[in-house]
There are 4 protein chains.
Amino acid sequence: MSASPGKEPRTERGRETLRKLLDAAAREFGERGFHEASISGITRQAGTALGTFYTYFDSKEAIYSALVGDMSQHVARAATAGMSRDSNGTVREGEALAAFLAFARDHKEIYRIIDEAEFADPASYRQHYTGAAERIAARLEESVKAGVVTPGDNEIRAWAIMGMNVFLGLRFGVWDTSRTIEEIAVAAEALLSEGIAAR
Amino acid sequence: MSASPGKEPRTERGRETLRKLLDAAAREFGERGFHEASISGITRQAGTALGTFYTYFDSKEAIYSALVGDMSQHVARAATAGMSRDSNGTVREGEALAAFLAFARDHKEIYRIIDEAEFADPASYRQHYTGAAERIAARLEESVKAGVVTPGDNEIRAWAIMGMNVFLGLRFGVWDTSRTIEEIAVAAEALLSEGIAAR
Amino acid sequence: MSASPGKEPRTERGRETLRKLLDAAAREFGERGFHEASISGITRQAGTALGTFYTYFDSKEAIYSALVGDMSQHVARAATAGMSRDSNGTVREGEALAAFLAFARDHKEIYRIIDEAEFADPASYRQHYTGAAERIAARLEESVKAGVVTPGDNEIRAWAIMGMNVFLGLRFGVWDTSRTIEEIAVAAEALLSEGIAAR
Amino acid sequence: MSASPGKEPRTERGRETLRKLLDAAAREFGERGFHEASISGITRQAGTALGTFYTYFDSKEAIYSALVGDMSQHVARAATAGMSRDSNGTVREGEALAAFLAFARDHKEIYRIIDEAEFADPASYRQHYTGAAERIAARLEESVKAGVVTPGDNEIRAWAIMGMNVFLGLRFGVWDTSRTIEEIAVAAEALLSEGIAAR
DNA sequence: AATGAATGAGAATTCATTCAT
DNA sequence: GATGAATGAATTCTCATTCAT
């Protein structure tokens, strides 16, 4: 399913091996990073022979790309899942941030894998963040229509919000977990809804 | 000055060679990224012999570290230089963002170099962003005292603002320059000062 | 029939598969040469599964050998077929060359396959050229008896004639076809019958 | 001198190493053929480290190409050297053949290296044989002017003569040396000067 | 200080062949 | 007979680092 073109497994046994390889790759890339990771490390963790890797993937880049795509979906799903059905506006963005922070704490390797794509697989990296920004912008659009968000340039806002989330996730999700997620999310939502200028 | 300890140049000629190596390294790392870059690529661009590299640096990591430190200072100086003497509060942050965007457009390699440090030299990466966040937080503190910014958790705010800046810089500084810097800075400052919630 | 010993097909379906493999091998070896050719390339072109190859052949060498033998027969038959029933002497050799040139133009892969056997399967190579030389020598013998060719060392002559044919075939059959076959054959026959020394 | 571009040695020590590599390559390719030969085999025979190979050559193909060029010159020089100062016409061609046969007997590896180039490095192969044919054609031209050779298509004749020589060299120079060189050369010259048709 | 040759560990990739289904 | 997944040895090539001059 995420094998290289022409290398899709045709039997059940093949599908199992492919899955083992992808799982092993997530571990290997997560632990060692793209460049330090090795195909033989992946197959060792997967419990297959070295050559088996090439039954399903063309190269190290190919499996990495497949993986980034996979994980990008996971992150998107986690953020969406964190939003309550009927919230909108800055509240909804706060929920998304909280969900993202929780996800980052649980899946530190995903952070590493997606962000290293900026250098190892730029196309996937761009696609991941462009997609995320578009989803935020679409939510803002909706909220503007609903009258809970002021009109404005939602593309710029979306990239600003995403940047906030990513850096808060790195700082308070991955590097240091001594603060509660609540705390971070509340502060960020306040900034987002009312700004910080004294009036 | 940024040579490895014990390898500082002692003559004028030595200082020149060191400078040539650092400039060449900025180009090489900027063009090819840390892992694809090679020492021989650096010395080729510097016009020196391969062995000369080790007269000034202990390793590839060492010169990379030196470079990240260098660039980190440049970025900080550029942001500071963009702020007018007597501005404060969100206005000052808007000016810092504008200055940063201008710098990013002129020095696209900084993203490649500083951000890849997350994987190639995590200590420098952390130091760069921690330093930047501290400077933002300190400015906010001042502004709170001056009464132009509401009291709040300035550490969280600082990381949020920094994230905004970094992603706006990547999206509208490096990837696509069809929007004016003004436009971006104004929208970001509005978000920052008043938020986006309708009242 | 040309399968490896003990692997001859026993059913009609088997005979078809064998034929598909041999045809595919001619294409694969012709296009890519012995070393670049791969079993999987052969089975891909044949439209069979990889493992099926080993139902009929013991190894890559085995099918290559079978193929060289096949082609060797084709070449011999083509040369013979070009000779008119009652010609002899140098006329007959001229006809054989013309037939060979026509064959080479139509089957450029034979050079690639037969000549590469010098390195990939020396026994077959030797057998091919020794056989061809013997046939030429036998024809010369006949012609000597018929009084149209002067007595002489027909083994040496046969190898000389064969060398001529092979290089004229490569140069004017495979590499460049701007000259007519007639032209080449006439010039070669003249050389062969009267030599080139002025008298 | 025959290193890959940009890899020419700059010191005496370098020139020595390059020479060792080329000599080792001639042995390795001669013994094992292009495909069976390995870089590590070459460096083992040369007594250098594996990596040293890449100080001078870009690839296995590159050193092979350099070698074919080298050997092509050797062969040409040997054939020329065998011709007596004032001979011409078919006599001269007979001398060239005798010289070539002697050379082939002494340097069987050269035969193998140049002929395998048809598959491993076609450009060099073509260049080698095209050059040889041009030299023969030029000699014939001269002899025609001198009145010792009849006018005719000297390009076709040259390729025919070259083919004769190559196959006689393979058969009676490399495969089997039970006949004397004299014997072969005399028979070939007779064929060439008077042809074999009875009159 | 500068030079550039030498080193060798390390990694990706290929592919003939085997074998269970 | 046919299938296609699994195997792993073998090979090429890279490059940071050392060192003699």
# chains A, B, ... in the order shown; residues from 1 in each chain; ligands from 1
$ select_by_dssp --residues "range 59-172 of chain A" --states "alpha helix (DSSP H)" --output "number ranges by chain"
A: 60-81, 89-106, 108-120, 122-145, 154-169
$ interface_residues --of "chain E" --to "chain C" --cutoff "9 Å" --atoms "only C-alpha atoms (C1' of nucleotides)" --output "number ranges by chain"
E: 15-17
$ write_last_selection --atoms "all heavy atoms" --output "PDB file, in the first residue's frame"
ATOM      1  P    DC E  15      20.800  -5.913 -11.202  1.00  0.00           P
ATOM      2  OP1  DC E  15      21.576  -5.753 -12.438  1.00  0.00           O
ATOM      3  OP2  DC E  15      19.412  -5.448 -11.124  1.00  0.00           O
ATOM      4  O5'  DC E  15      20.816  -7.450 -10.810  1.00  0.00           O
ATOM      5  C5'  DC E  15      22.050  -7.998 -10.357  1.00  0.00           C
ATOM      6  C4'  DC E  15      21.825  -9.415  -9.911  1.00  0.00           C
ATOM      7  O4'  DC E  15      21.558  -9.437  -8.492  1.00  0.00           O
ATOM      8  C3'  DC E  15      20.612 -10.074 -10.570  1.00  0.00           C
ATOM      9  O3'  DC E  15      20.960 -11.412 -10.837  1.00  0.00           O
ATOM     10  C2'  DC E  15      19.548 -10.012  -9.498  1.00  0.00           C
ATOM     11  C1'  DC E  15      20.394 -10.183  -8.249  1.00  0.00           C
ATOM     12  N1   DC E  15      19.788  -9.666  -7.013  1.00  0.00           N
ATOM     13  C2   DC E  15      20.209 -10.181  -5.775  1.00  0.00           C
ATOM     14  O2   DC E  15      21.078 -11.051  -5.743  1.00  0.00           O
ATOM     15  N3   DC E  15      19.632  -9.706  -4.652  1.00  0.00           N
ATOM     16  C4   DC E  15      18.694  -8.760  -4.738  1.00  0.00           C
ATOM     17  N4   DC E  15      18.159  -8.321  -3.605  1.00  0.00           N
ATOM     18  C5   DC E  15      18.266  -8.216  -5.984  1.00  0.00           C
ATOM     19  C6   DC E  15      18.842  -8.690  -7.090  1.00  0.00           C
ATOM     20  P    DA E  16      20.565 -12.093 -12.209  1.00  0.00           P
ATOM     21  OP1  DA E  16      21.378 -11.471 -13.265  1.00  0.00           O
ATOM     22  OP2  DA E  16      19.097 -12.108 -12.324  1.00  0.00           O
ATOM     23  O5'  DA E  16      21.086 -13.563 -11.977  1.00  0.00           O
ATOM     24  C5'  DA E  16      22.454 -13.752 -11.622  1.00  0.00           C
ATOM     25  C4'  DA E  16      22.584 -14.848 -10.589  1.00  0.00           C
ATOM     26  O4'  DA E  16      22.029 -14.406  -9.330  1.00  0.00           O
ATOM     27  C3'  DA E  16      21.874 -16.142 -10.943  1.00  0.00           C
ATOM     28  O3'  DA E  16      22.680 -17.223 -10.491  1.00  0.00           O
ATOM     29  C2'  DA E  16      20.560 -16.052 -10.168  1.00  0.00           C
ATOM     30  C1'  DA E  16      20.967 -15.275  -8.931  1.00  0.00           C
ATOM     31  N9   DA E  16      19.927 -14.412  -8.370  1.00  0.00           N
ATOM     32  C8   DA E  16      19.133 -13.527  -9.051  1.00  0.00           C
ATOM     33  N7   DA E  16      18.291 -12.863  -8.288  1.00  0.00           N
ATOM     34  C5   DA E  16      18.559 -13.335  -7.025  1.00  0.00           C
ATOM     35  C6   DA E  16      18.010 -13.027  -5.765  1.00  0.00           C
ATOM     36  N6   DA E  16      17.038 -12.118  -5.585  1.00  0.00           N
ATOM     37  N1   DA E  16      18.494 -13.675  -4.692  1.00  0.00           N
ATOM     38  C2   DA E  16      19.468 -14.568  -4.872  1.00  0.00           C
ATOM     39  N3   DA E  16      20.077 -14.953  -6.000  1.00  0.00           N
ATOM     40  C4   DA E  16      19.558 -14.286  -7.056  1.00  0.00           C
ATOM     41  P    DT E  17      22.257 -18.684 -10.914  1.00  0.00           P
ATOM     42  OP1  DT E  17      23.512 -19.452 -10.959  1.00  0.00           O
ATOM     43  OP2  DT E  17      21.341 -18.662 -12.075  1.00  0.00           O
ATOM     44  O5'  DT E  17      21.436 -19.159  -9.643  1.00  0.00           O
ATOM     45  C5'  DT E  17      22.091 -19.140  -8.380  1.00  0.00           C
ATOM     46  C4'  DT E  17      21.091 -19.421  -7.289  1.00  0.00           C
ATOM     47  O4'  DT E  17      20.222 -18.286  -7.086  1.00  0.00           O
ATOM     48  C3'  DT E  17      20.161 -20.615  -7.519  1.00  0.00           C
ATOM     49  O3'  DT E  17      20.397 -21.527  -6.459  1.00  0.00           O
ATOM     50  C2'  DT E  17      18.762 -20.027  -7.464  1.00  0.00           C
ATOM     51  C1'  DT E  17      18.986 -18.774  -6.632  1.00  0.00           C
ATOM     52  N1   DT E  17      17.990 -17.703  -6.788  1.00  0.00           N
ATOM     53  C2   DT E  17      17.353 -17.238  -5.671  1.00  0.00           C
ATOM     54  O2   DT E  17      17.579 -17.673  -4.548  1.00  0.00           O
ATOM     55  N3   DT E  17      16.438 -16.247  -5.897  1.00  0.00           N
ATOM     56  C4   DT E  17      16.107 -15.675  -7.120  1.00  0.00           C
ATOM     57  O4   DT E  17      15.260 -14.788  -7.199  1.00  0.00           O
ATOM     58  C5   DT E  17      16.808 -16.208  -8.259  1.00  0.00           C
ATOM     59  C7   DT E  17      16.540 -15.677  -9.624  1.00  0.00           C
ATOM     60  C6   DT E  17      17.709 -17.182  -8.040  1.00  0.00           C
TER      61       DT E  17
END
$ interface_residues --of "chain F" --to "chain B" --cutoff "10 Å" --atoms "only C-alpha atoms (C1' of nucleotides)" --output "list in words"
DT14, DC15, DA16, DT17, DT18 and DC19 of chain F
$ write_last_selection --atoms "N, CA and C atoms (P, O5', C5', C4', C3', O3' and C1' of nucleotides)" --output "mmCIF file, in the first residue's frame"
data_model
loop_
_atom_site.group_PDB
_atom_site.id
_atom_site.type_symbol
_atom_site.label_atom_id
_atom_site.label_comp_id
_atom_site.auth_asym_id
_atom_site.auth_seq_id
_atom_site.Cartn_x
_atom_site.Cartn_y
_atom_site.Cartn_z
ATOM 1 P P DT F 14 31.338 8.168 -5.399
ATOM 2 O "O5'" DT F 14 31.258 8.377 -3.825
ATOM 3 C "C5'" DT F 14 30.053 8.076 -3.161
ATOM 4 C "C4'" DT F 14 30.213 8.462 -1.711
ATOM 5 C "C3'" DT F 14 30.969 9.781 -1.515
ATOM 6 O "O3'" DT F 14 30.244 10.517 -0.547
ATOM 7 C "C1'" DT F 14 32.037 8.054 -0.301
ATOM 8 P P DC F 15 30.535 12.058 -0.359
ATOM 9 O "O5'" DC F 15 31.467 12.066 0.921
ATOM 10 C "C5'" DC F 15 31.143 11.194 1.981
ATOM 11 C "C4'" DC F 15 32.224 11.271 3.028
ATOM 12 C "C3'" DC F 15 33.019 12.579 2.987
ATOM 13 O "O3'" DC F 15 33.283 12.942 4.322
ATOM 14 C "C1'" DC F 15 34.477 10.774 2.770
ATOM 15 P P DA F 16 33.165 14.448 4.772
ATOM 16 O "O5'" DA F 16 33.651 14.335 6.285
ATOM 17 C "C5'" DA F 16 32.998 13.419 7.141
ATOM 18 C "C4'" DA F 16 34.003 12.727 8.046
ATOM 19 C "C3'" DA F 16 34.947 13.672 8.784
ATOM 20 O "O3'" DA F 16 35.159 13.138 10.082
ATOM 21 C "C1'" DA F 16 36.205 12.225 7.389
ATOM 22 P P DT F 17 35.945 14.022 11.127
ATOM 23 O "O5'" DT F 17 37.421 13.460 10.974
ATOM 24 C "C5'" DT F 17 37.635 12.064 11.206
ATOM 25 C "C4'" DT F 17 39.044 11.698 10.813
ATOM 26 C "C3'" DT F 17 40.156 12.608 11.334
ATOM 27 O "O3'" DT F 17 41.008 11.804 12.131
ATOM 28 C "C1'" DT F 17 40.523 12.027 9.085
ATOM 29 P P DT F 18 42.192 12.428 12.944
ATOM 30 O "O5'" DT F 18 43.458 11.770 12.224
ATOM 31 C "C5'" DT F 18 43.357 10.430 11.780
ATOM 32 C "C4'" DT F 18 44.629 10.039 11.040
ATOM 33 C "C3'" DT F 18 45.916 10.631 11.610
ATOM 34 O "O3'" DT F 18 46.906 9.622 11.548
ATOM 35 C "C1'" DT F 18 45.701 11.253 9.341
ATOM 36 P P DC F 19 48.270 9.821 12.301
ATOM 37 O "O5'" DC F 19 49.259 10.202 11.112
ATOM 38 C "C5'" DC F 19 49.233 9.415 9.919
ATOM 39 C "C4'" DC F 19 50.176 10.009 8.900
ATOM 40 C "C3'" DC F 19 51.387 10.737 9.508
ATOM 41 O "O3'" DC F 19 52.509 10.451 8.701
ATOM 42 C "C1'" DC F 19 50.259 12.168 8.048
#
$ closest_residue --among "A:Thr11, A:Ser143, A:Ser193, A:Thr17" --to "Asn88 in chain A" --atoms "only C-alpha atoms"
A:Ser143
$ residues_around --residues "Gln45 in chain D" --least-positions-apart "3" --cutoff "7 Å" --atoms "only C-alpha atoms (C1' of nucleotides)" --output "PDB file with N, CA and C atoms, in the first residue's frame"
ATOM      1  N   ALA D  24      48.159  -2.747 -12.523  1.00  0.00           N
ATOM      2  CA  ALA D  24      47.344  -3.748 -11.837  1.00  0.00           C
ATOM      3  C   ALA D  24      46.035  -3.972 -12.584  1.00  0.00           C
ATOM      4  N   GLY D  41      40.097  -6.001  -6.379  1.00  0.00           N
ATOM      5  CA  GLY D  41      41.121  -6.837  -7.013  1.00  0.00           C
ATOM      6  C   GLY D  41      42.253  -5.974  -7.561  1.00  0.00           C
ATOM      7  N   ILE D  42      41.880  -4.881  -8.166  1.00  0.00           N
ATOM      8  CA  ILE D  42      42.884  -3.987  -8.731  1.00  0.00           C
ATOM      9  C   ILE D  42      43.779  -3.415  -7.634  1.00  0.00           C
TER      10      ILE D  42
END
$ residues_around --residues "range 6-10 of chain F" --least-positions-apart "3" --cutoff "9 Å" --atoms "only C-alpha atoms (C1' of nucleotides)" --output "PyMOL selection string"
(chain A and resi 48-52+55) or (chain E and resi 17-19)
$ residues_around --residues "range 166-175 of chain A" --least-positions-apart "5" --cutoff "7 Å" --atoms "only C-alpha atoms (C1' of nucleotides)" --output "PyMOL selection string"
(chain A and resi 101+104-105+108) or (chain B and resi 159-160+163)
